[in-house]
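Single-structure report; data block below.
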Amino acid sequence: MNNIRCPHCGLVNRLDALTCLRCKLALAQTAASGRSAAAASAVAMAEERPFWVAVGLWGLKTRAVAWAFVVLSILVATGSIIYWSWLGAIMYLAAVWYFLAIRWVDENSAW
Ligand SMILES: [Zn+2]
């Protein structure tokens, strides 16, 4: 299979043809061409966020805001432990959650 069939007129064109020889319709290049393959993998990079990431970053639009919440959680946890109870350490889990969610988006998606 070294050719592309024109979806408009049915003429079989060469694989690297940009337009159909007969009707001049622009042909969609398949993943066989390097440029399209790169574009396809770029799309694949922007995966949909899993549930735990979506919940962790709910309402946080930017990476900077998400990092601010990591810092805030740590401060609140530390303050709670000092002035209230060890139960405040639960906030450390929130900080870890934010951190893991940020890391997931960095590696698998985009802000
Ligand atoms: Zn054609």
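Residue numbers start at 1 in each chain; chains themselves are named A, B, ... in the order of the structure tokens; ligands are numbered from 1 in the order shown.
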Practice item. Would you kindly return, as a PyMOL selection string, each protein, DNA or RNA residue with an atom no farther than 10 Å from any atom of A:Met91, considering only C-alpha atoms and excluding same-chain residues fewer than 5 positions away? Key: chain A and resi 70+72-78+80-81+96-97
Saved selection, atoms kept: N, CA and C atoms, as a PDB file, in the first residue's frame:
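File result-v9.pdb, as written:
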ATOM      1  N   VAL A  70       0.032  23.827  47.466  1.00  0.00           N
ATOM      2  CA  VAL A  70       0.948  22.882  48.121  1.00  0.00           C
ATOM      3  C   VAL A  70       1.569  23.555  49.340  1.00  0.00           C
ATOM      4  N   LEU A  72       0.553  26.270  50.928  1.00  0.00           N
ATOM      5  CA  LEU A  72      -0.491  26.627  51.893  1.00  0.00           C
ATOM      6  C   LEU A  72      -0.870  25.416  52.755  1.00  0.00           C
ATOM      7  N   SER A  73      -1.027  24.253  52.118  1.00  0.00           N
ATOM      8  CA  SER A  73      -1.389  23.035  52.857  1.00  0.00           C
ATOM      9  C   SER A  73      -0.334  22.686  53.890  1.00  0.00           C
ATOM     10  N   ILE A  74       0.934  22.833  53.501  1.00  0.00           N
ATOM     11  CA  ILE A  74       2.032  22.522  54.422  1.00  0.00           C
ATOM     12  C   ILE A  74       2.026  23.498  55.597  1.00  0.00           C
ATOM     13  N   LEU A  75       1.807  24.789  55.311  1.00  0.00           N
ATOM     14  CA  LEU A  75       1.763  25.798  56.378  1.00  0.00           C
ATOM     15  C   LEU A  75       0.598  25.535  57.321  1.00  0.00           C
ATOM     16  N   VAL A  76      -0.568  25.238  56.769  1.00  0.00           N
ATOM     17  CA  VAL A  76      -1.749  24.972  57.596  1.00  0.00           C
ATOM     18  C   VAL A  76      -1.520  23.710  58.442  1.00  0.00           C
ATOM     19  N   ALA A  77      -0.955  22.679  57.832  1.00  0.00           N
ATOM     20  CA  ALA A  77      -0.691  21.436  58.565  1.00  0.00           C
ATOM     21  C   ALA A  77       0.266  21.695  59.722  1.00  0.00           C
ATOM     22  N   THR A  78       1.345  22.410  59.446  1.00  0.00           N
ATOM     23  CA  THR A  78       2.333  22.700  60.477  1.00  0.00           C
ATOM     24  C   THR A  78       1.732  23.560  61.584  1.00  0.00           C
ATOM     25  N   SER A  80      -1.425  23.775  62.416  1.00  0.00           N
ATOM     26  CA  SER A  80      -2.407  22.973  63.147  1.00  0.00           C
ATOM     27  C   SER A  80      -1.735  22.081  64.181  1.00  0.00           C
ATOM     28  N   ILE A  81      -0.620  21.475  63.795  1.00  0.00           N
ATOM     29  CA  ILE A  81       0.086  20.578  64.704  1.00  0.00           C
ATOM     30  C   ILE A  81       0.615  21.357  65.915  1.00  0.00           C
ATOM     31  N   VAL A  96       0.583  16.510  49.564  1.00  0.00           N
ATOM     32  CA  VAL A  96       1.122  15.436  48.724  1.00  0.00           C
ATOM     33  C   VAL A  96       0.218  15.222  47.506  1.00  0.00           C
ATOM     34  N   TRP A  97      -1.083  15.265  47.730  1.00  0.00           N
ATOM     35  CA  TRP A  97      -2.049  15.103  46.633  1.00  0.00           C
ATOM     36  C   TRP A  97      -1.840  16.193  45.577  1.00  0.00           C
TER      37      TRP A  97
END
**Study point:** stretch 64-111 of chain A: residues DSSP assigns to alpha helix (DSSP H), reported as JSON, numbers by chain
**Key:** {"A": [64, 65, 66, 67, 68, 69, 70, 71, 72, 73, 74, 75, 76, 77, 78, 79, 80, 81, 82, 83, 90, 91, 92, 93, 94, 95, 96, 97, 98, 99, 100, 101, 102, 103, 104, 105, 106, 107, 108]}
Check your understanding: Near A:Thr62, within 12 Å and counting only C-alpha atoms, which residues show up once chain neighbours fewer than 6 positions away are dropped, as number ranges by chain?
Key -> A: 68-69, 102, 105-106, 110-111
Exercise for review: For A:Arg49, list every protein, DNA or RNA residue within 9 Å, evaluated using only C-alpha atoms, and leave out those in the same chain fewer than 6 positions away; present the list as a list in words.
Suggested key: Trp104, Val105, Asn108 and Ser109 of chain A
**Study point:** Best match for closeness to ligand 1 among A:Tyr83, A:Leu60, A:Ile4, A:Leu25, counting only C-alpha atoms and all ligand atoms
**Key:**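 Between A:Tyr83, A:Leu60, A:Ile4, A:Leu25, the residue approaching ligand 1 most closely is A:Leu25.
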Go through chain A and flag each residue having an atom no more than 7 Å from ligand 1; for those, report the closest pair of atoms plus their distance in Å to one decimal, using only C-alpha atoms and all ligand atoms, ordered by chain and rising number, as a Markdown table.
| residue | atom | partner | partner_atom_place_in_ligand_line | distance |
| --- | --- | --- | --- | --- |
| A:Cys6 | CA | ligand 1 | 1 (Zn) | 4.7 |
| A:Pro7 | CA | ligand 1 | 1 (Zn) | 6.7 |
| A:His8 | CA | ligand 1 | 1 (Zn) | 5.0 |
| A:Cys9 | CA | ligand 1 | 1 (Zn) | 4.1 |
| A:Gly10 | CA | ligand 1 | 1 (Zn) | 5.9 |
| A:Leu11 | CA | ligand 1 | 1 (Zn) | 5.4 |
| A:Cys20 | CA | ligand 1 | 1 (Zn) | 4.6 |
| A:Leu21 | CA | ligand 1 | 1 (Zn) | 6.5 |
| A:Arg22 | CA | ligand 1 | 1 (Zn) | 5.1 |
| A:Cys23 | CA | ligand 1 | 1 (Zn) | 4.2 |
| A:Lys24 | CA | ligand 1 | 1 (Zn) | 6.1 |
| A:Leu25 | CA | ligand 1 | 1 (Zn) | 5.6 |
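Counting only C-alpha atoms and comparing A:Leu93, A:Val65, A:Leu15, A:Leu87, the residue that lies closest to A:Ala28 is A:Leu15.
Distances here use only C-alpha atoms; by that measure, the residue among A:Val12, A:Ala26, A:Ala17, A:Val55 closest to A:Ala101 is A:Val55.
The spacing separating atom CA of A:Leu57 from atom CA of A:Ala89 amounts to 20.3 Å.
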Check your understanding: Would you give me, as a ChimeraX atom specification, the residues in chain A that DSSP reads as strand (DSSP E or B)?
Key -> /A:3-5,12-14,19,26
Residue selection dump (C-alpha atoms) as a compact mmCIF listing (two decimals), in the first residue's frame:
# COMPACT_ATOMS: atom_id res chain seq x y z
CA ASN A 3 -0.72 5.19 -2.34
CA ILE A 4 -3.73 7.17 -1.19
CA ARG A 5 -7.18 6.85 -2.66
CA VAL A 12 -5.37 6.45 -6.49
CA ASN A 13 -2.57 8.96 -5.87
CA ARG A 14 1.02 8.54 -4.71
CA THR A 19 -3.39 17.04 -3.75
CA ALA A 26 -6.15 18.35 -0.71
